[in-house]
>>> print(open('run.cif').read())   # mmCIF, C-alpha atoms
data_data
loop_
_atom_site.label_atom_id
_atom_site.label_comp_id
_atom_site.auth_asym_id
_atom_site.auth_seq_id
_atom_site.Cartn_x
_atom_site.Cartn_y
_atom_site.Cartn_z
CA MET I 5 94.27 100.53 80.88
CA SER I 6 94.05 104.30 80.28
CA VAL I 7 95.11 106.79 82.95
CA GLU I 8 91.46 107.79 83.46
CA THR I 9 90.32 104.18 83.78
CA ARG I 10 93.14 103.40 86.19
CA ALA I 11 92.26 106.43 88.34
CA ALA I 12 88.58 105.41 88.44
CA HIS I 13 89.53 101.83 89.41
CA ASP I 14 91.87 103.07 92.13
CA GLN I 15 89.20 105.35 93.58
CA GLN I 16 86.64 102.53 93.58
CA LEU I 17 89.07 100.21 95.35
CA LEU I 18 90.00 102.96 97.79
CA GLN I 19 86.35 103.46 98.68
CA GLU I 20 85.93 99.71 99.21
CA LEU I 21 88.94 99.63 101.53
CA ILE I 22 87.70 102.65 103.50
CA ASN I 23 84.27 101.06 103.89
CA ALA I 24 85.95 98.03 105.47
CA ARG I 25 86.32 98.45 109.22
CA GLY I 26 89.81 97.87 110.58
CA PRO I 27 90.57 99.12 114.09
CA ALA I 28 93.89 97.95 115.54
CA GLY I 29 93.63 94.34 116.58
CA ALA I 30 90.46 93.74 114.54
CA GLU I 31 91.56 94.30 110.93
CA GLY I 32 89.75 91.26 109.50
CA GLU I 33 87.49 93.07 107.01
CA VAL I 34 90.46 94.89 105.49
CA ALA I 35 92.58 91.74 105.53
CA ALA I 36 90.01 89.92 103.39
CA LEU I 37 90.28 92.61 100.71
CA CYS I 38 94.06 92.56 100.87
CA LYS I 39 94.13 88.81 100.27
CA ARG I 40 91.81 89.22 97.30
CA GLU I 41 93.91 91.96 95.69
CA LEU I 42 97.28 90.33 96.28
CA SER I 43 96.04 87.01 94.86
CA ARG I 44 95.72 88.79 91.50
CA SER I 45 99.46 89.34 91.19
CA CYS I 46 101.53 87.40 93.71
CA ASP I 47 103.17 84.00 93.53
CA ALA I 48 102.02 83.30 97.09
CA VAL I 49 99.65 84.98 99.53
CA TRP I 50 99.13 84.11 103.21
CA GLN I 51 98.22 85.51 106.61
CA ASP I 52 100.66 85.07 109.47
CA VAL I 53 99.96 84.41 113.15
CA ALA I 54 100.07 88.12 113.97
CA GLY I 55 97.37 88.85 111.38
CA ASN I 56 99.57 90.44 108.72
CA VAL I 57 98.60 89.68 105.11
CA ILE I 58 101.65 88.95 102.96
CA GLY I 59 102.09 88.72 99.21
CA LEU I 60 105.29 87.43 97.58
CA ILE I 61 106.59 87.93 94.04
CA ARG I 62 109.67 85.82 93.55
CA ALA I 63 112.83 86.72 91.68
CA ARG I 64 112.55 85.81 88.02
CA GLY I 65 114.43 85.70 84.73
CA PRO I 66 118.13 84.84 84.22
CA ALA I 67 119.09 86.83 87.31
CA ALA I 68 117.05 84.50 89.50
CA GLN I 69 119.33 81.59 88.56
CA HIS I 70 122.27 83.23 90.31
CA ALA I 71 122.77 83.92 94.01
CA GLN I 72 119.80 85.98 95.08
CA ARG I 73 120.24 89.33 96.77
CA PRO I 74 118.31 89.95 100.00
CA ALA I 75 114.57 90.33 99.63
CA VAL I 76 112.83 93.69 99.89
CA ARG I 77 109.90 94.04 102.31
CA VAL I 78 107.36 96.75 101.45
CA MET I 79 104.87 97.54 104.21
CA ALA I 80 101.56 99.40 104.44
CA HIS I 81 99.28 99.08 107.44
CA MET I 82 95.68 97.89 107.53
CA ASP I 83 94.54 99.38 110.84
CA GLU I 84 92.72 102.69 111.21
CA ILE I 85 92.56 105.14 114.10
CA ALA I 86 89.59 104.22 116.28
CA LEU I 87 88.31 103.98 119.85
CA ILE I 88 88.10 101.22 122.44
CA VAL I 89 85.50 100.84 125.18
CA LYS I 90 86.70 101.57 128.72
CA ARG I 91 83.41 100.80 130.47
CA VAL I 92 79.65 100.64 130.10
CA TYR I 93 77.80 102.98 132.46
CA GLY I 94 74.53 104.81 133.04
CA ASP I 95 71.80 103.76 130.66
CA GLY I 96 73.52 102.32 127.62
CA GLN I 97 76.40 104.79 127.55
CA LEU I 98 80.06 104.04 126.97
CA ARG I 99 83.28 105.65 128.10
CA ILE I 100 86.01 105.26 125.51
CA VAL I 101 89.76 105.59 125.07
CA LYS I 102 91.53 106.43 121.81
CA LEU I 103 93.04 103.59 119.82
CA GLY I 104 95.88 105.29 117.95
CA GLY I 105 96.82 108.95 117.47
CA LEU I 106 93.32 110.40 117.60
CA ARG I 107 91.99 113.68 118.94
CA PRO I 108 88.30 114.43 119.59
CA MET I 109 88.33 117.05 116.84
CA SER I 110 89.34 114.36 114.30
CA PHE I 111 85.92 112.67 114.53
CA GLY I 112 83.77 115.23 116.33
CA GLN I 113 80.20 114.28 117.23
CA CYS I 114 79.38 111.54 114.75
CA PRO I 115 77.74 108.13 114.25
CA VAL I 116 79.82 105.12 115.28
CA ASP I 117 79.70 101.34 115.14
CA ILE I 118 80.48 99.44 118.35
CA LEU I 119 81.89 96.05 117.33
CA GLY I 120 80.40 93.68 119.88
CA ASP I 121 81.25 90.00 120.09
CA HIS I 122 77.79 89.01 118.83
CA ALA I 123 76.46 92.09 117.03
CA THR I 124 77.44 95.52 115.77
CA VAL I 125 75.69 98.22 117.76
CA PRO I 126 75.12 101.73 116.33
CA GLY I 127 75.71 104.75 118.52
CA VAL I 128 76.66 108.41 118.48
CA LEU I 129 79.90 109.91 119.76
CA ALA I 130 78.75 112.78 121.96
CA ILE I 131 79.87 115.65 124.16
CA GLY I 132 76.53 116.69 125.58
CA SER I 133 74.44 119.82 125.13
CA LEU I 134 76.32 123.09 124.69
CA HIS I 135 73.44 125.34 125.74
CA VAL I 136 73.98 124.83 129.45
CA THR I 137 75.20 126.77 132.50
CA LYS I 138 77.72 126.01 135.22
CA GLU I 139 75.20 123.60 136.74
CA THR I 140 76.34 121.25 133.96
CA ALA I 141 80.00 121.56 134.78
CA ALA I 142 81.73 119.25 132.31
CA LEU I 143 81.72 121.60 129.32
CA THR I 144 81.33 125.05 130.89
CA GLN I 145 84.48 124.65 132.99
CA ARG I 146 86.58 124.36 129.84
CA GLY I 147 87.05 127.99 129.04
CA ASP I 148 89.59 127.28 126.30
CA GLY I 149 87.17 124.97 124.49
CA ALA I 150 89.77 122.19 124.36
CA LEU I 151 88.35 118.69 124.60
CA ASP I 152 89.88 115.41 125.64
CA TRP I 153 88.46 111.90 125.55
CA ASP I 154 87.39 112.24 129.18
CA ASP I 155 84.82 114.74 127.92
CA MET I 156 83.40 112.39 125.31
CA PHE I 157 81.03 109.47 125.60
CA ILE I 158 78.94 107.25 123.31
CA THR I 159 75.19 107.03 123.62
CA THR I 160 73.46 103.92 122.28
CA ARG I 161 69.90 104.30 123.67
CA LEU I 162 70.06 100.63 124.65
CA SER I 163 69.95 99.10 128.10
CA ASN I 164 73.13 97.83 129.65
CA GLU I 165 71.62 94.35 129.45
CA ALA I 166 71.09 94.71 125.70
CA LEU I 167 74.71 95.81 125.26
CA GLU I 168 75.90 92.83 127.27
CA ALA I 169 73.82 90.55 125.06
CA ALA I 170 75.48 92.07 121.98
CA GLY I 171 78.89 91.38 123.48
CA VAL I 172 79.84 94.99 124.16
CA HIS I 173 82.30 95.29 127.03
CA ALA I 174 85.61 96.84 128.03
CA GLY I 175 87.94 96.23 125.10
CA SER I 176 85.29 96.33 122.37
CA ARG I 177 86.42 98.35 119.36
CA VAL I 178 84.52 101.42 118.17
CA VAL I 179 84.81 102.80 114.62
CA ILE I 180 83.11 105.61 112.76
CA GLY I 181 79.95 104.56 110.96
CA PRO I 182 79.32 104.15 107.22
CA TYR I 183 77.88 107.66 106.94
CA MET I 184 81.34 109.09 107.68
CA ARG I 185 83.29 106.76 105.37
CA ARG I 186 82.30 108.27 102.04
CA LEU I 187 85.01 109.69 99.79
CA PHE I 188 84.61 113.31 98.74
CA PRO I 189 86.33 114.24 95.44
CA PHE I 190 86.78 117.97 94.90
CA ALA I 191 88.85 120.09 92.52
CA ASP I 192 92.11 118.17 91.97
CA CYS I 193 91.89 116.16 95.19
CA ILE I 194 90.20 113.24 96.95
CA SER I 195 89.34 113.46 100.63
CA GLY I 196 88.10 111.02 103.21
CA HIS I 197 88.93 109.26 106.45
CA PHE I 198 91.67 106.62 106.54
CA MET I 199 93.77 107.54 103.52
CA ASP I 200 96.22 106.51 106.24
CA ASP I 201 96.85 103.85 105.17
CA ARG I 202 94.19 102.63 102.74
CA ALA I 203 95.48 104.84 99.91
CA LEU I 204 98.91 103.28 100.42
CA LEU I 205 97.46 99.78 100.27
CA VAL I 206 96.20 100.73 96.80
CA VAL I 207 99.72 101.90 95.93
CA GLY I 208 101.06 98.51 96.98
CA PHE I 209 98.46 96.49 95.08
CA GLN I 210 98.98 98.55 91.93
CA THR I 211 102.76 98.18 92.20
CA MET I 212 102.68 94.43 92.76
CA GLN I 213 100.41 93.96 89.74
CA ALA I 214 102.79 95.99 87.57
CA LEU I 215 105.79 94.10 88.93
CA ALA I 216 104.13 90.77 88.13
CA ARG I 217 103.53 91.89 84.54
CA SER I 218 107.13 93.04 84.09
CA ASP I 219 109.50 90.83 82.08
CA ASP I 220 112.61 92.52 83.51
CA PRO I 221 114.98 90.08 85.24
CA ARG I 222 115.16 90.63 88.99
CA ASP I 223 117.46 88.82 91.41
CA HIS I 224 115.52 89.50 94.62
CA ASP I 225 112.16 88.54 96.04
CA VAL I 226 109.62 91.24 96.90
CA PHE I 227 107.25 90.92 99.84
CA PHE I 228 104.28 93.25 100.27
CA VAL I 229 103.22 93.13 103.91
CA CYS I 230 99.85 94.55 104.96
CA THR I 231 100.56 95.07 108.65
CA VAL I 232 98.37 95.12 111.76
CA LYS I 233 98.52 97.46 114.77
CA GLU I 234 100.73 100.13 113.22
CA GLU I 235 98.70 102.87 114.91
CA VAL I 236 99.31 101.50 118.40
CA THR I 237 102.48 99.39 118.73
CA ASN I 238 103.86 98.51 115.26
CA SER I 239 103.75 94.92 116.51
CA GLY I 240 102.67 93.51 113.15
CA ALA I 241 105.69 94.99 111.39
CA HIS I 242 108.05 93.78 114.11
CA TYR I 243 106.71 90.24 113.87
CA ALA I 244 106.86 90.18 110.06
CA ALA I 245 110.40 91.58 109.98
CA ARG I 246 111.60 88.80 112.28
CA GLN I 247 109.88 86.08 110.26
CA LEU I 248 110.56 87.14 106.67
CA PRO I 249 113.93 87.09 104.89
CA GLY I 250 115.57 90.31 103.77
CA GLU I 251 117.39 93.36 105.10
CA ASP I 252 115.50 96.31 103.60
CA VAL I 253 112.04 97.60 104.49
CA ILE I 254 110.10 100.35 102.74
CA ALA I 255 107.09 101.73 104.62
CA LEU I 256 104.33 103.30 102.55
CA GLU I 257 102.71 106.13 104.49
CA VAL I 258 100.85 109.41 104.44
CA GLY I 259 103.16 112.39 104.73
CA PRO I 260 102.00 115.50 106.61
CA VAL I 261 101.63 118.70 104.60
CA ALA I 262 103.02 121.57 106.69
CA ALA I 263 105.09 124.70 106.17
CA GLU I 264 107.54 123.56 108.87
CA TYR I 265 108.43 120.53 106.72
CA ASP I 266 108.36 122.48 103.43
CA THR I 267 105.80 120.01 102.05
CA VAL I 268 102.83 120.88 99.85
CA LEU I 269 99.65 119.14 98.73
CA ASP I 270 100.37 117.88 95.23
CA ALA I 271 100.99 114.61 93.39
CA ASN I 272 104.72 114.47 94.11
CA PRO I 273 105.69 111.90 96.76
CA ILE I 274 107.35 112.85 100.01
CA ILE I 275 110.55 111.06 100.99
CA PRO I 276 111.47 111.63 104.64
CA TYR I 277 115.06 111.32 105.81
CA GLY I 278 114.11 110.97 109.45
CA ASP I 279 111.30 111.13 111.98
CA MET I 280 110.64 111.03 115.73
CA LYS I 281 112.04 107.49 116.03
CA GLY I 282 115.33 108.25 114.29
CA PHE I 283 116.83 108.59 110.84
CA TYR I 284 116.13 106.52 107.78
CA SER I 285 118.88 104.82 105.76
CA LYS I 286 120.23 107.53 103.50
CA ASP I 287 121.12 105.17 100.66
CA LEU I 288 117.55 103.85 100.46
CA ALA I 289 116.01 107.33 100.76
CA ASP I 290 118.37 108.51 98.01
CA ALA I 291 117.34 105.55 95.84
CA LEU I 292 113.64 106.42 96.29
CA LYS I 293 114.45 110.03 95.37
CA ALA I 294 116.25 108.88 92.23
CA ALA I 295 113.35 106.60 91.30
CA ALA I 296 110.85 109.46 91.60
CA GLU I 297 113.04 111.74 89.52
CA ALA I 298 113.42 109.04 86.85
CA GLU I 299 109.60 109.05 86.61
CA GLY I 300 109.62 112.79 85.91
CA LEU I 301 108.44 113.69 89.42
CA LYS I 302 109.81 116.24 91.87
CA PRO I 303 110.05 114.37 95.17
CA GLN I 304 109.55 116.41 98.32
CA LEU I 305 112.35 115.77 100.81
CA ALA I 306 111.50 116.19 104.48
CA LEU I 307 112.55 115.65 108.07
CA PHE I 308 109.48 114.85 110.17
CA GLU I 309 109.67 115.53 113.91
CA ASN I 310 106.14 114.40 114.85
CA PHE I 311 105.70 111.27 112.73
CA ALA I 312 106.67 107.61 112.67
CA SER I 313 106.22 104.59 110.40
CA ASP I 314 106.63 100.83 110.47
CA ALA I 315 110.09 101.30 108.93
CA SER I 316 111.35 103.77 111.53
CA ALA I 317 109.90 101.61 114.32
CA LEU I 318 111.82 98.61 112.97
CA LEU I 319 115.04 100.57 112.61
CA SER I 320 114.76 102.01 116.12
CA ILE I 321 115.24 98.59 117.74
CA GLY I 322 117.31 96.87 115.07
CA ASN I 323 114.58 94.74 113.47
CA ALA I 324 115.65 95.88 109.99
CA GLY I 325 119.07 96.44 108.49
CA ARG I 326 117.99 99.35 106.31
CA GLY I 327 114.74 101.25 106.05
CA ALA I 328 113.04 104.13 104.30
CA SER I 329 109.56 105.53 103.78
CA LEU I 330 107.63 106.64 100.70
CA CYS I 331 104.74 108.98 101.47
CA ILE I 332 101.70 110.46 99.79
CA ALA I 333 101.42 114.17 100.61
CA THR I 334 98.39 114.42 102.89
CA GLN I 335 96.51 117.34 104.43
CA ASN I 336 94.51 116.84 107.66
CA THR I 337 96.42 113.72 108.73
CA HIS I 338 94.39 111.56 111.13
CA GLY I 339 91.30 113.57 110.26
CA PHE I 340 89.29 113.97 107.06
CA GLU I 341 92.43 113.46 104.99
CA ILE I 342 93.07 115.07 101.60
CA ILE I 343 95.36 113.74 98.86
CA HIS I 344 95.94 114.80 95.26
CA LYS I 345 93.99 112.70 92.76
CA ASP I 346 97.23 111.67 91.01
CA ALA I 347 99.21 110.90 94.18
CA ILE I 348 98.48 107.16 94.24
CA ASP I 349 99.77 106.75 90.69
CA SER I 350 102.87 108.87 91.40
CA CYS I 351 103.80 106.80 94.44
CA SER I 352 103.15 103.54 92.60
CA ARG I 353 105.37 104.56 89.68
CA THR I 354 108.12 105.57 92.09
CA LEU I 355 107.93 102.32 94.05
CA LEU I 356 107.88 100.20 90.89
CA ARG I 357 110.95 101.97 89.53
CA PHE I 358 112.70 101.43 92.89
CA LEU I 359 111.83 97.73 93.06
CA ARG I 360 112.96 96.98 89.50
CA ARG I 361 116.48 97.93 90.44
CA ASN I 362 118.72 95.64 92.48
CA PRO I 363 118.67 96.34 96.22
CA ASP I 364 122.25 97.66 96.16
CA GLY I 365 121.27 100.28 93.56
CA ALA I 366 122.54 98.47 90.45
#
>>> encode(input="run.cif", output="structure tokens")
Amino acid sequence: MSVETRAAHDQQLLQELINARGPAGAEGEVAALCKRELSRSCDAVWQDVAGNVIGLIRARGPAAQHAQRPAVRVMAHMDEIALIVKRVYGDGQLRIVKLGGLRPMSFGQCPVDILGDHATVPGVLAIGSLHVTKETAALTQRGDGALDWDDMFITTRLSNEALEAAGVHAGSRVVIGPYMRRLFPFADCISGHFMDDRALLVVGFQTMQALARSDDPRDHDVFFVCTVKEEVTNSGAHYAARQLPGEDVIALEVGPVAAEYDTVLDANPIIPYGDMKGFYSKDLADALKAAAEAEGLKPQLALFENFASDASALLSIGNAGRGASLCIATQNTHGFEIIHKDAIDSCSRTLLRFLRRNPDGA
């Protein structure tokens, strides 16, 4: 497959994944695509009790006949930032709470889908009219213009009885509608909602397919875990780490582009050495750095203060022996995210190079 064909395939798959709705705790549409993609390369694919989708490629070749080294767990999450209904009030209006690290400016006033138990209900995320006076206090009292979720509501134009019939209630998930899920390629980049972490799922699928085609002997199993609830509790990663064999975990993530981290928006992967939950395992981070350099890339090394991943969450409470993260450089994290058009391929090449080595670096 040519580079151009591969890039077109990756972008098509990315769009399919972004179209799939996957708020934390309701990742089923994304999970179905993950099972389909992993079945094309893995020796075994299953979904665990927590909802994680797992693909396994076993050790193979002469090395597999000897004592196996600990398995490597690679993780990328399926859930997207979203909203959850707090209550139904008025005439078909909803109060909502954020589900993940989401600010009102990330979505703005936009169409949404309310995922009821019996039907999906369309609505609009709203603030209210701006052309008002102090008689309409909610907006005019905010002199700084800053908004919080208490200022936002969803209008459906349905009766409360109709919403009840659709199964909309406190706890129902709300996601942005199809109109807002379209990818926007421009210049040397691709932009869209939910690169976090759909672009990294593509990295994992591409890597597992390449690993399956490789004839190189490898004395360790590789698990690719598509995790649930990363944006809220990391509970999927914690459950998988306790159930699966292995000591090492590599989290695939978006990496914030910011001057304070000395990171830029290009195709080179970011390798963080620590984040808000603690420090990554230096030997694994160094091995990812070496893998990127062996692929002719210039990895960006960073220390993130306002960031976390499944790997750092696991390390913070001792649910993994060693952990590291491999990131795609991303502008507008948790908004309309921008990545370089070659970033998926760069991360996949780096991860493949890393996995083809033995876990101890040999």
>>> closest_atom_pairs(input="run.cif", of="region 234-281 of chain I", to="region 53-57 of chain I", cutoff="10 Å", atoms="all atoms listed in the file", output="tab-separated table")
residue	atom	partner	partner_atom	distance
I:Ser239	CA	I:Ala54	CA	8.1
I:Gly240	CA	I:Ala54	CA	6.0
I:Ala241	CA	I:Asn56	CA	8.1
I:His242	CA	I:Ala54	CA	9.8
I:Tyr243	CA	I:Ala54	CA	7.0
I:Ala244	CA	I:Asn56	CA	7.4
>>> closest_residue(input="run.cif", among="I:Leu42, I:His135, I:Ser176, I:Lys90", to="Pro27 (chain I)", atoms="only C-alpha atoms")
I:Ser176
>>> resolve_selection(input="run.cif", expression="the PyMOL selection byres ((chain I and resi 273-285) around 8)", output="PyMOL selection string")
chain I and resi 259+267+271-272+286-289+292-293+296+302-312+316-317+319-320+326-333+347+350-351
>>> residues_around(input="run.cif", residues="Val116 (chain I)", least_positions_apart="5", cutoff="12 Å", atoms="all atoms listed in the file", output="list in words")
Arg25, Ala86, Leu87, Ile88, Leu98, Ile100, Phe111, Thr124, Val125, Pro126, Gly127, Val128, Leu129, Ala130, Phe157, Ile158, Thr159, Thr160, Arg177, Val178, Val179, Ile180, Gly181, Pro182, Tyr183, Met184 and Arg185 of chain I
>>> atom_distance(input="run.cif", atom1="CA of Pro189 (chain I)", atom2="CA of Gln19 (chain I)")
11.3 Å
>>> atom_distance(input="run.cif", atom1="CA of Ile131 (chain I)", atom2="CA of Asn23 (chain I)")
25.4 Å
>>> residues_around(input="run.cif", residues="Phe227 (chain I)", least_positions_apart="3", cutoff="6 Å", atoms="all atoms listed in the file", output="list in words")
Gly59, Leu60 and Arg77 of chain I
>>> closest_residue(input="run.cif", among="I:Leu37, I:Ala170, I:Ala80, I:Leu318", to="Asp201 (chain I)", atoms="only C-alpha atoms")
I:Ala80
>>> residues_around(input="run.cif", residues="Arg202 (chain I)", least_positions_apart="4", cutoff="12 Å", atoms="only C-alpha atoms", output="PyMOL selection string")
chain I and resi 14-26+31+34-35+37-38+79-85+185+187+196-198+206-209+230-231+256-258+332+341+343+348
>>> closest_residue(input="run.cif", among="I:Arg222, I:Arg186, I:Arg99, I:His13", to="Met199 (chain I)", atoms="all atoms listed in the file")
I:Arg186
>>> build_atoms(input="run.cif", residues="region 227-244 of chain I", atoms="N, CA and C atoms", output="compact mmCIF listing (two decimals), in the frame of the given file")
# COMPACT_ATOMS: atom_id res chain seq x y z
N PHE I 227 108.39 91.18 98.97
CA PHE I 227 107.25 90.92 99.84
C PHE I 227 106.46 92.21 100.01
N PHE I 228 105.13 92.13 99.88
CA PHE I 228 104.28 93.25 100.27
C PHE I 228 103.53 92.81 101.51
N VAL I 229 103.77 93.51 102.61
CA VAL I 229 103.22 93.13 103.91
C VAL I 229 102.17 94.15 104.34
N CYS I 230 100.94 93.71 104.46
CA CYS I 230 99.85 94.55 104.96
C CYS I 230 99.79 94.33 106.46
N THR I 231 100.29 95.28 107.24
CA THR I 231 100.56 95.07 108.65
C THR I 231 99.37 95.43 109.54
N VAL I 232 99.36 94.82 110.72
CA VAL I 232 98.37 95.12 111.76
C VAL I 232 99.00 96.01 112.83
N LYS I 233 98.16 96.73 113.54
CA LYS I 233 98.52 97.46 114.77
C LYS I 233 99.62 98.50 114.60
N GLU I 234 99.73 99.07 113.39
CA GLU I 234 100.73 100.13 113.22
C GLU I 234 100.39 101.35 114.07
N GLU I 235 99.11 101.65 114.21
CA GLU I 235 98.70 102.87 114.91
C GLU I 235 98.92 102.80 116.42
N VAL I 236 99.18 101.61 116.95
CA VAL I 236 99.31 101.50 118.40
C VAL I 236 100.67 101.00 118.87
N THR I 237 101.22 99.96 118.23
CA THR I 237 102.48 99.39 118.73
C THR I 237 103.47 99.02 117.63
N ASN I 238 103.05 99.01 116.37
CA ASN I 238 103.86 98.51 115.26
C ASN I 238 104.19 97.03 115.41
N SER I 239 103.40 96.31 116.21
CA SER I 239 103.75 94.92 116.51
C SER I 239 103.67 94.03 115.28
N GLY I 240 102.75 94.33 114.36
CA GLY I 240 102.67 93.51 113.15
C GLY I 240 103.94 93.60 112.33
N ALA I 241 104.45 94.80 112.16
CA ALA I 241 105.69 94.99 111.39
C ALA I 241 106.87 94.30 112.07
N HIS I 242 106.95 94.42 113.40
CA HIS I 242 108.05 93.78 114.11
C HIS I 242 108.01 92.25 113.93
N TYR I 243 106.82 91.68 114.03
CA TYR I 243 106.71 90.24 113.87
C TYR I 243 107.09 89.82 112.45
N ALA I 244 106.57 90.54 111.45
CA ALA I 244 106.86 90.18 110.06
C ALA I 244 108.35 90.31 109.75
